[in-house]
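J.: Provided below: data.tsv, containing TSV, C-alpha atoms.
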```tsv
chain	number	residue	atom	x	y	z
A	23	PHE	CA	0.00	0.00	0.00
A	24	PHE	CA	1.04	3.59	-0.58
A	25	SER	CA	-0.53	6.87	0.51
A	26	LEU	CA	0.44	10.27	-0.87
A	27	ASN	CA	-0.90	13.81	-0.74
A	28	VAL	CA	0.02	14.98	-4.23
A	29	GLY	CA	-0.53	18.69	-3.49
A	30	MET	CA	-2.83	19.19	-6.51
A	31	SER	CA	0.06	18.24	-8.82
A	32	ALA	CA	-0.88	17.51	-12.44
A	33	SER	CA	1.92	14.92	-12.50
A	34	LEU	CA	0.71	13.38	-9.21
A	35	ALA	CA	3.94	14.54	-7.56
A	36	GLY	CA	6.12	12.13	-9.54
A	37	LEU	CA	4.02	9.08	-8.67
A	38	ASN	CA	4.87	7.20	-11.87
A	39	ALA	CA	8.57	7.13	-10.95
A	40	ILE	CA	7.72	6.11	-7.38
A	41	ILE	CA	5.58	3.21	-8.63
A	42	LYS	CA	8.46	1.89	-10.72
A	43	ALA	CA	10.97	2.27	-7.89
A	44	GLU	CA	8.78	0.91	-5.10
A	45	ASN	CA	6.65	-1.69	-6.95
A	46	LEU	CA	3.33	-0.44	-5.58
A	47	ASP	CA	0.01	-2.28	-5.70
A	48	ILE	CA	-2.70	-0.11	-4.10
A	49	ILE	CA	-2.40	3.65	-3.77
A	50	PHE	CA	-4.40	6.18	-1.74
A	51	LEU	CA	-4.12	9.72	-3.08
A	52	GLN	CA	-5.18	13.02	-1.53
A	53	GLU	CA	-5.46	16.55	-2.98
A	54	VAL	CA	-6.22	15.14	-6.42
A	55	ARG	CA	-7.65	17.32	-9.19
A	56	LEU	CA	-7.54	14.78	-12.02
A	57	ASN	CA	-10.36	12.49	-13.12
A	58	ALA	CA	-10.06	8.70	-13.32
A	59	GLU	CA	-9.27	8.68	-17.03
A	60	GLN	CA	-6.44	11.18	-16.60
A	61	ILE	CA	-4.94	9.16	-13.75
A	62	GLU	CA	-5.17	5.88	-15.68
A	63	HIS	CA	-3.53	7.55	-18.68
A	64	GLN	CA	-0.55	8.52	-16.51
A	65	LEU	CA	-0.35	5.24	-14.59
A	66	ARG	CA	-0.50	2.47	-17.16
A	67	GLY	CA	-1.67	-0.88	-15.80
A	68	PHE	CA	-3.65	0.72	-12.97
A	69	LYS	CA	-7.34	1.39	-12.42
A	70	ALA	CA	-8.54	4.50	-10.61
A	71	SER	CA	-11.64	5.72	-8.83
A	72	VAL	CA	-11.79	9.38	-7.85
A	73	ASN	CA	-13.81	11.30	-5.30
A	74	ILE	CA	-13.89	14.87	-6.58
A	75	ASP	CA	-16.53	17.55	-6.89
A	76	HIS	CA	-17.15	17.81	-10.64
A	77	SER	CA	-18.94	21.13	-10.13
A	78	GLN	CA	-15.80	22.57	-8.49
A	79	LEU	CA	-12.87	21.07	-10.32
A	80	SER	CA	-10.44	23.42	-8.57
A	81	LYS	CA	-11.33	21.77	-5.25
A	82	PRO	CA	-9.00	18.83	-4.49
A	83	GLY	CA	-10.34	15.39	-3.66
A	84	THR	CA	-9.15	11.82	-3.23
A	85	ALA	CA	-8.48	8.78	-5.40
A	86	ILE	CA	-7.90	5.07	-4.90
A	87	VAL	CA	-5.63	3.52	-7.53
A	88	TRP	CA	-4.86	-0.19	-7.90
A	89	LYS	CA	-3.15	-2.65	-10.21
A	90	GLU	CA	-5.56	-4.07	-12.76
A	91	SER	CA	-4.66	-7.58	-11.59
A	92	LEU	CA	-6.04	-6.98	-8.10
A	93	PRO	CA	-9.70	-7.70	-7.21
A	94	VAL	CA	-10.48	-4.29	-5.71
A	95	THR	CA	-14.25	-3.79	-5.77
A	96	ASP	CA	-17.08	-1.60	-4.48
A	97	VAL	CA	-15.07	1.63	-4.53
A	98	CYS	CA	-17.33	4.49	-3.52
A	99	PRO	CA	-17.21	7.95	-1.92
A	100	LEU	CA	-18.48	8.41	1.62
A	101	THR	CA	-17.76	12.12	2.09
A	102	MET	CA	-17.32	14.39	-0.92
A	103	CYS	CA	-13.60	14.95	-1.69
A	104	ARG	CA	-12.62	13.55	1.72
A	105	LEU	CA	-13.40	9.87	2.21
A	106	GLN	CA	-13.51	6.74	0.05
A	107	VAL	CA	-14.07	3.08	0.87
A	108	ALA	CA	-13.22	-0.02	-1.15
A	109	THR	CA	-13.20	-3.79	-0.72
A	110	LEU	CA	-10.25	-6.15	-1.27
A	111	GLY	CA	-11.35	-9.70	-0.58
A	112	PRO	CA	-12.13	-9.87	3.16
A	113	TYR	CA	-10.62	-6.42	3.84
A	114	LYS	CA	-12.08	-2.93	3.83
A	115	LEU	CA	-9.88	-0.08	2.59
A	116	LEU	CA	-10.46	3.52	3.67
A	117	ASN	CA	-8.73	6.48	2.03
A	118	LEU	CA	-9.10	9.78	3.88
A	119	TYR	CA	-8.16	13.43	3.54
A	120	ALA	CA	-8.95	15.28	6.75
A	121	PRO	CA	-9.73	19.02	6.87
A	122	SER	CA	-6.51	21.03	7.24
A	123	GLY	CA	-5.60	24.17	9.15
A	124	SER	CA	-5.68	25.30	12.77
A	125	ASP	CA	-9.12	26.84	12.17
A	126	LYS	CA	-10.58	23.46	11.17
A	127	LYS	CA	-10.26	21.67	14.52
A	128	HIS	CA	-14.02	21.33	14.88
A	129	GLU	CA	-14.38	20.02	11.33
A	130	ARG	CA	-11.68	17.42	11.98
A	131	ASN	CA	-13.43	16.30	15.15
A	132	VAL	CA	-16.69	15.86	13.22
A	133	PHE	CA	-14.83	14.07	10.39
A	134	PHE	CA	-13.19	11.51	12.68
A	135	GLY	CA	-15.81	11.41	15.42
A	136	GLN	CA	-18.88	11.10	13.22
A	137	GLU	CA	-18.26	10.48	9.53
A	138	ILE	CA	-15.48	7.90	9.80
A	139	PHE	CA	-16.75	6.41	13.06
A	140	GLU	CA	-20.18	5.78	11.51
A	141	ALA	CA	-18.68	4.30	8.33
A	142	MET	CA	-16.56	1.82	10.29
A	143	HIS	CA	-19.30	1.06	12.80
A	144	LEU	CA	-21.59	-0.10	9.98
A	145	ASP	CA	-19.02	-2.77	9.09
A	146	CYS	CA	-17.35	-3.42	12.42
A	147	GLN	CA	-16.68	-7.10	11.62
A	148	SER	CA	-14.32	-6.30	8.75
A	149	GLN	CA	-10.56	-6.00	8.89
A	150	TRP	CA	-9.58	-2.44	8.00
A	151	VAL	CA	-6.66	-0.73	6.30
A	152	VAL	CA	-7.06	3.03	6.82
A	153	GLY	CA	-4.64	5.44	5.19
A	154	GLY	CA	-4.31	9.03	4.12
A	155	ASP	CA	-3.52	12.56	5.23
A	156	TYR	CA	-4.89	12.96	8.76
A	157	ASN	CA	-3.86	16.63	9.08
A	158	SER	CA	-3.59	15.95	12.82
A	159	VAL	CA	-1.63	13.95	15.37
A	160	PHE	CA	-2.17	12.84	18.94
A	161	LYS	CA	1.41	12.30	20.13
A	162	VAL	CA	4.00	15.03	20.73
A	163	ILE	CA	6.67	12.88	19.10
A	164	ASP	CA	4.90	13.33	15.76
A	165	VAL	CA	5.58	17.10	15.64
A	166	ASP	CA	9.10	18.51	15.43
A	167	GLY	CA	9.87	19.98	18.86
A	168	GLY	CA	6.21	19.66	19.80
A	169	VAL	CA	5.60	23.02	18.10
A	170	GLY	CA	1.86	23.67	17.70
A	171	PHE	CA	0.96	20.27	19.11
A	172	SER	CA	-2.20	21.57	20.81
A	173	GLN	CA	-3.49	22.83	17.47
A	174	LYS	CA	-2.61	19.64	15.61
A	175	ARG	CA	-4.04	17.32	18.27
A	176	CYS	CA	-7.41	15.73	17.48
A	177	PRO	CA	-9.24	14.07	20.43
A	178	ALA	CA	-11.87	12.56	18.12
A	179	LEU	CA	-9.14	10.70	16.21
A	180	GLU	CA	-7.79	9.32	19.47
A	181	ASP	CA	-11.28	8.12	20.39
A	182	LEU	CA	-11.78	6.55	16.95
A	183	VAL	CA	-8.48	4.65	17.10
A	184	LYS	CA	-9.39	3.24	20.53
A	185	ALA	CA	-13.02	2.44	19.71
A	186	ALA	CA	-12.23	0.74	16.39
A	187	LYS	CA	-9.14	-1.01	17.82
A	188	LEU	CA	-6.82	0.44	15.19
A	189	VAL	CA	-3.03	0.34	15.29
A	190	ASP	CA	-0.56	2.86	13.84
A	191	THR	CA	1.59	0.71	11.52
A	192	PHE	CA	4.62	3.01	11.73
A	193	ARG	CA	4.61	2.72	15.54
A	194	VAL	CA	4.37	-1.08	15.24
A	195	LYS	CA	7.82	-1.08	13.66
A	196	PHE	CA	9.26	2.08	15.24
A	197	PRO	CA	7.74	2.72	18.69
A	198	ASN	CA	10.02	5.67	19.52
A	199	LYS	CA	11.41	6.82	16.18
A	200	GLN	CA	10.80	10.40	15.07
A	201	GLU	CA	10.17	10.86	11.37
A	202	PHE	CA	7.97	13.36	9.55
A	203	THR	CA	5.94	13.31	6.34
A	204	PHE	CA	4.93	16.97	5.96
A	205	PHE	CA	7.38	19.78	5.34
A	206	ARG	CA	6.38	23.37	4.60
A	207	ALA	CA	8.04	26.71	5.32
A	208	GLY	CA	6.50	28.33	8.36
A	209	SER	CA	5.11	25.06	9.73
A	210	ALA	CA	6.73	22.54	12.05
A	211	PRO	CA	7.51	19.25	10.26
A	212	SER	CA	5.01	16.62	11.36
A	213	ARG	CA	3.87	13.05	10.65
A	214	LEU	CA	0.45	13.78	9.19
A	215	ASP	CA	0.36	10.82	6.79
A	216	ARG	CA	-0.20	7.37	8.27
A	217	PHE	CA	-1.69	3.92	7.89
A	218	TYR	CA	-3.81	2.38	10.64
A	219	ILE	CA	-4.94	-1.24	10.54
A	220	SER	CA	-7.24	-3.43	12.60
A	221	ALA	CA	-5.36	-4.79	15.61
A	222	GLU	CA	-5.71	-8.40	14.45
A	223	LEU	CA	-3.65	-7.59	11.33
A	224	VAL	CA	-0.55	-6.42	13.22
A	225	GLY	CA	1.23	-9.74	12.68
A	226	GLU	CA	0.88	-9.31	8.90
A	227	VAL	CA	2.88	-6.05	8.74
A	228	LEU	CA	6.24	-6.54	7.00
A	229	SER	CA	7.56	-2.99	6.76
A	230	VAL	CA	6.59	0.67	6.88
A	231	SER	CA	8.64	3.46	5.31
A	232	HIS	CA	8.42	7.07	4.17
A	233	VAL	CA	9.19	7.88	0.54
A	234	ALA	CA	10.12	11.35	-0.77
A	235	SER	CA	7.94	12.84	-3.51
A	236	LEU	CA	7.65	16.08	-5.48
A	237	SER	CA	4.91	17.20	-3.07
A	238	ASP	CA	5.43	18.80	0.34
A	239	HIS	CA	4.36	15.43	1.73
A	240	CYS	CA	6.30	12.19	1.81
A	241	GLY	CA	4.42	9.10	0.81
A	242	VAL	CA	3.87	6.26	3.27
A	243	LYS	CA	4.61	2.74	2.05
A	244	LEU	CA	3.09	-0.19	3.93
A	245	ARG	CA	4.05	-3.77	3.06
A	246	MET	CA	1.88	-6.46	4.59
A	247	VAL	CA	0.61	-9.94	3.91
A	248	MET	CA	-2.93	-9.98	2.50
A	249	HIS	CA	-4.98	-13.14	2.02
A	250	VAL	CA	-6.88	-12.39	-1.18
A	251	ASP	CA	-8.38	-14.79	-3.73
A	252	ARG	CA	-7.30	-13.46	-7.11
A	253	THR	CA	-9.37	-16.10	-8.93
A	254	VAL	CA	-12.40	-13.90	-8.23
A	255	LEU	CA	-11.06	-11.34	-10.69
A	256	THR	CA	-10.28	-14.01	-13.29
A	257	SER	CA	-13.77	-15.45	-12.92
A	258	ASN	CA	-15.39	-12.03	-13.34
A	259	ARG	CA	-13.36	-11.37	-16.49
A	260	ARG	CA	-14.53	-14.67	-18.01
A	261	LYS	CA	-18.14	-13.72	-17.33
A	262	THR	CA	-17.73	-10.44	-19.19
```
What would you get if you wrote out this structure as structure tokens?
T.:
Amino acid sequence: FFSLNVGMSASLAGLNAIIKAENLDIIFLQEVRLNAEQIEHQLRGFKASVNIDHSQLSKPGTAIVWKESLPVTDVCPLTMCRLQVATLGPYKLLNLYAPSGSDKKHERNVFFGQEIFEAMHLDCQSQWVVGGDYNSVFKVIDVDGGVGFSQKRCPALEDLVKAAKLVDTFRVKFPNKQEFTFFRAGSAPSRLDRFYISAELVGEVLSVSHVASLSDHCGVKLRMVMHVDRTVLTSNRRKT
């Protein structure tokens, strides 16, 4: 898995080169302004589903992108430009782009405390992979020098992680390591981009790393074992 805020880049912040270097399978994108056809034209061999506001094409949204050989199904938007869900075999995938800015604390609390909580509660038996740009943290270690931590902290996200029994994959591998994914002049570097998974999947995590991009965000790469029946895709192709 890979998650990247592309910063509204028409070239998806150099994603094509990253795919070739990192051998990616499923990609969560944030701050996207391209449609599915434009993304698929850039990323040959991949399918894309976007969540953008077609009446406001200047407004960035999200996209889930996956190798054509993978049986990703039921991709749909949950919150306009902010939240998408998809199915991969027995797993549920959630791509999110939380409201940004110190003046959006209330919106972030609603986003995590209501919109995402309700979406996961409706399918609480599934195993989840949740990735994206959280635009918030809840540990001081995830902000350089702790600068602005009180503004970046989101209590509703903390409650969601506990209630849904989610685990921060980076902290699984690096409990005390300090690395950041967001760098912008005038702002403290922070780890805004993360993958959470259902607690029962922790043993399947192989590695987690941060990958530089042409955006002001690093991408997050998660390698894990997934038990997926690819014959479903083959069977569906034969039917069509």
J.: Which residue gives the smallest distance to Val54 in chain A among A:Lys187, A:Ser237, A:Val151, A:Asn198, with only C-alpha atoms counted?
T.: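 Answer, going by the shortest atom-to-atom distance: A:Ser237.
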J.: Excluding Asp190 in chain A and its own-chain neighbours fewer than 2 positions away, which residues fall within 8 Å of it when counting only C-alpha atoms? Please give them as a ChimeraX atom specification.
T.: /A:188,192-194,216-219
J.: Go ahead and compute the interatomic distance for CA of Lys195 in chain A and CA of Met246 in chain A, in Å to one decimal.
T.: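 So the two atoms, CA of Lys195 in chain A and CA of Met246 in chain A, lie 12.1 Å apart.
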J.: At most 12 Å is the cut-off: for each residue in range 34-142 of chain A with any atom that close to an atom of range 227-235 of chain A, write down the nearest atom pair and the distance in Å rounded to one decimal, counting all atoms listed in the file, chain first then increasing number, as a Markdown table.
T.:
```
| residue | atom | partner | partner_atom | distance |
| --- | --- | --- | --- | --- |
| A:Leu34 | CA | A:Ser235 | CA | 9.2 |
| A:Ala35 | CA | A:Ser235 | CA | 5.9 |
| A:Gly36 | CA | A:Ser235 | CA | 6.3 |
| A:Leu37 | CA | A:Ser235 | CA | 7.5 |
| A:Asn38 | CA | A:Ser235 | CA | 10.5 |
| A:Ala39 | CA | A:Ser235 | CA | 9.4 |
| A:Ile40 | CA | A:Ser235 | CA | 7.8 |
| A:Ile41 | CA | A:Val233 | CA | 10.9 |
| A:Ala43 | CA | A:Val233 | CA | 10.3 |
| A:Glu44 | CA | A:Val233 | CA | 9.0 |
| A:Leu46 | CA | A:Val233 | CA | 11.9 |
```
J.: Keeping only C-alpha atoms, write those residues as an mmCIF file, in the frame of the given file.
T.:
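Generated file (result-v7.cif):
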```
data_model
loop_
_atom_site.group_PDB
_atom_site.id
_atom_site.type_symbol
_atom_site.label_atom_id
_atom_site.label_comp_id
_atom_site.auth_asym_id
_atom_site.auth_seq_id
_atom_site.Cartn_x
_atom_site.Cartn_y
_atom_site.Cartn_z
ATOM 1 C CA LEU A 34 0.710 13.380 -9.210
ATOM 2 C CA ALA A 35 3.940 14.540 -7.560
ATOM 3 C CA GLY A 36 6.120 12.130 -9.540
ATOM 4 C CA LEU A 37 4.020 9.080 -8.670
ATOM 5 C CA ASN A 38 4.870 7.200 -11.870
ATOM 6 C CA ALA A 39 8.570 7.130 -10.950
ATOM 7 C CA ILE A 40 7.720 6.110 -7.380
ATOM 8 C CA ILE A 41 5.580 3.210 -8.630
ATOM 9 C CA ALA A 43 10.970 2.270 -7.890
ATOM 10 C CA GLU A 44 8.780 0.910 -5.100
ATOM 11 C CA LEU A 46 3.330 -0.440 -5.580
#
```
J.: So how far away is CA of Gly168 in chain A from CA of Lys199 in chain A, in Å?
T.: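 Taking CA of Lys199 in chain A and CA of Gly168 in chain A, their separation equals 14.3 Å.
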J.: Mind giving me the straight-line distance from CA of Ile86 in chain A to CA of Gly153 in chain A in Å, one decimal?
T.: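 Value for the CA of Ile86 in chain A-CA of Gly153 in chain A distance: 10.6 Å.
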J.: Tell me which of A:Ile48, A:Leu223, A:Leu214, A:Ala108 sits closest to Ala120 in chain A, counting all atoms listed in the file.
T.: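 Going through A:Ile48, A:Leu223, A:Leu214, A:Ala108 one by one, the smallest distance to Ala120 in chain A is for A:Leu214.
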J.: Pick out the residues sitting within 12 Å of Ser124 in chain A, and hand them over as a PyMOL selection string; count all atoms listed in the file, and ignore anything fewer than 3 positions along from it in its own chain.
T.: chain A and resi 121+127-130+157-158+170-176+209
J.: Between A:Leu182, A:Leu115, A:Val28, A:Leu110, which is the closest to Gly83 in chain A once you count only C-alpha atoms?
T.: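 Counting only C-alpha atoms, the residue closest to Gly83 in chain A is A:Val28.
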J.: Using the file's own x, y and z axes, what box holds all listed atoms of range 25-41 of chain A with 5 Å on each side, keeping edges along x, y and z, and what are its centre and edge lengths in Å to one decimal, as AutoDock Vina command-line options?
T.:
```
--center_x 2.9 --center_y 11.2 --center_z -6.0 --size_x 21.4 --size_y 26.0 --size_z 23.0
```
J.: From the list A:Asn45, A:Pro99, A:Tyr156, A:Lys114, which residue is nearest Ser71 in chain A when using only C-alpha atoms?
T.: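 So, comparing all the options, the nearest one is A:Pro99.
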J.: Can you tell me which residues surround Pro82 in chain A at a distance of at most 12 Å, considering all atoms listed in the file, apart from same-chain residues fewer than 3 positions away, and format the answer as a VMD selection string?
T.: chain A and resid 27 to 32 51 to 57 72 to 79 85 102 to 104 119 to 121
J.: Output requested as a CSV table (one decimal), keeping the file's coordinate frame - range 150-161 of chain A, filled out with all heavy atoms.
T.:
```csv
chain,number,residue,atom,x,y,z
A,150,TRP,N,-9.7,-3.7,8.7
A,150,TRP,CA,-9.6,-2.4,8.0
A,150,TRP,C,-8.1,-2.1,7.8
A,150,TRP,O,-7.3,-2.3,8.6
A,150,TRP,CB,-10.2,-1.3,8.8
A,150,TRP,CG,-11.7,-1.4,8.9
A,150,TRP,CD1,-12.5,-2.1,9.7
A,150,TRP,CD2,-12.6,-0.7,8.0
A,150,TRP,NE1,-13.8,-1.9,9.4
A,150,TRP,CE2,-13.9,-1.0,8.4
A,150,TRP,CE3,-12.4,0.2,7.0
A,150,TRP,CZ2,-15.1,-0.5,7.8
A,150,TRP,CZ3,-13.6,0.7,6.3
A,150,TRP,CH2,-14.8,0.4,6.7
A,151,VAL,N,-7.9,-1.4,6.6
A,151,VAL,CA,-6.7,-0.7,6.3
A,151,VAL,C,-7.1,0.7,6.0
A,151,VAL,O,-7.8,1.0,5.1
A,151,VAL,CB,-5.9,-1.3,5.1
A,151,VAL,CG1,-4.7,-0.5,4.8
A,151,VAL,CG2,-5.6,-2.8,5.3
A,152,VAL,N,-6.6,1.6,6.9
A,152,VAL,CA,-7.1,3.0,6.8
A,152,VAL,C,-5.8,3.9,6.6
A,152,VAL,O,-5.0,4.0,7.5
A,152,VAL,CB,-7.8,3.4,8.1
A,152,VAL,CG1,-8.3,4.9,8.0
A,152,VAL,CG2,-8.9,2.4,8.5
A,153,GLY,N,-5.8,4.6,5.5
A,153,GLY,CA,-4.6,5.4,5.2
A,153,GLY,C,-5.0,6.8,4.7
A,153,GLY,O,-6.1,7.0,4.2
A,154,GLY,N,-4.1,7.7,4.7
A,154,GLY,CA,-4.3,9.0,4.1
A,154,GLY,C,-3.6,10.1,4.8
A,154,GLY,O,-2.6,9.9,5.6
A,155,ASP,N,-4.1,11.4,4.6
A,155,ASP,CA,-3.5,12.6,5.2
A,155,ASP,C,-4.5,12.9,6.4
A,155,ASP,O,-5.6,13.4,6.1
A,155,ASP,CB,-3.4,13.7,4.2
A,155,ASP,CG,-2.9,15.0,4.8
A,155,ASP,OD1,-2.6,15.0,6.0
A,155,ASP,OD2,-2.8,16.0,4.0
A,156,TYR,N,-4.0,12.7,7.6
A,156,TYR,CA,-4.9,13.0,8.8
A,156,TYR,C,-4.9,14.4,9.2
A,156,TYR,O,-5.8,14.8,10.0
A,156,TYR,CB,-4.4,12.1,9.9
A,156,TYR,CG,-4.7,10.6,9.7
A,156,TYR,CD1,-3.9,9.9,8.8
A,156,TYR,CD2,-5.8,10.0,10.3
A,156,TYR,CE1,-4.1,8.5,8.6
A,156,TYR,CE2,-6.0,8.6,10.0
A,156,TYR,CZ,-5.2,7.9,9.2
A,156,TYR,OH,-5.4,6.6,8.9
A,157,ASN,N,-4.0,15.2,8.7
A,157,ASN,CA,-3.9,16.6,9.1
A,157,ASN,C,-4.0,16.8,10.6
A,157,ASN,O,-4.5,17.9,11.0
A,157,ASN,CB,-4.9,17.5,8.3
A,157,ASN,CG,-4.4,17.9,7.0
A,157,ASN,OD1,-3.3,18.4,6.9
A,157,ASN,ND2,-5.2,17.7,6.0
A,158,SER,N,-3.5,15.9,11.4
A,158,SER,CA,-3.6,16.0,12.8
A,158,SER,C,-2.7,14.8,13.4
A,158,SER,O,-2.4,13.9,12.7
A,158,SER,CB,-5.0,15.8,13.3
A,158,SER,OG,-5.6,14.6,12.9
A,159,VAL,N,-2.4,15.0,14.7
A,159,VAL,CA,-1.6,14.0,15.4
A,159,VAL,C,-2.2,13.8,16.8
A,159,VAL,O,-3.0,14.7,17.2
A,159,VAL,CB,-0.1,14.3,15.5
A,159,VAL,CG1,0.5,14.4,14.1
A,159,VAL,CG2,0.1,15.6,16.2
A,160,PHE,N,-1.8,12.8,17.5
A,160,PHE,CA,-2.2,12.8,18.9
A,160,PHE,C,-1.0,12.4,19.8
A,160,PHE,O,-1.2,12.1,21.0
A,160,PHE,CB,-3.5,12.1,19.2
A,160,PHE,CG,-3.5,10.6,18.8
A,160,PHE,CD1,-2.9,9.6,19.6
A,160,PHE,CD2,-4.1,10.2,17.6
A,160,PHE,CE1,-3.0,8.3,19.2
A,160,PHE,CE2,-4.1,8.9,17.2
A,160,PHE,CZ,-3.6,7.9,18.1
A,161,LYS,N,0.2,12.5,19.3
A,161,LYS,CA,1.4,12.3,20.1
A,161,LYS,C,2.4,13.4,19.8
A,161,LYS,O,2.7,13.8,18.7
A,161,LYS,CB,2.0,10.9,19.9
A,161,LYS,CG,1.1,9.8,20.3
A,161,LYS,CD,1.8,8.4,20.2
A,161,LYS,CE,1.0,7.3,20.7
A,161,LYS,NZ,1.6,6.0,20.6
```
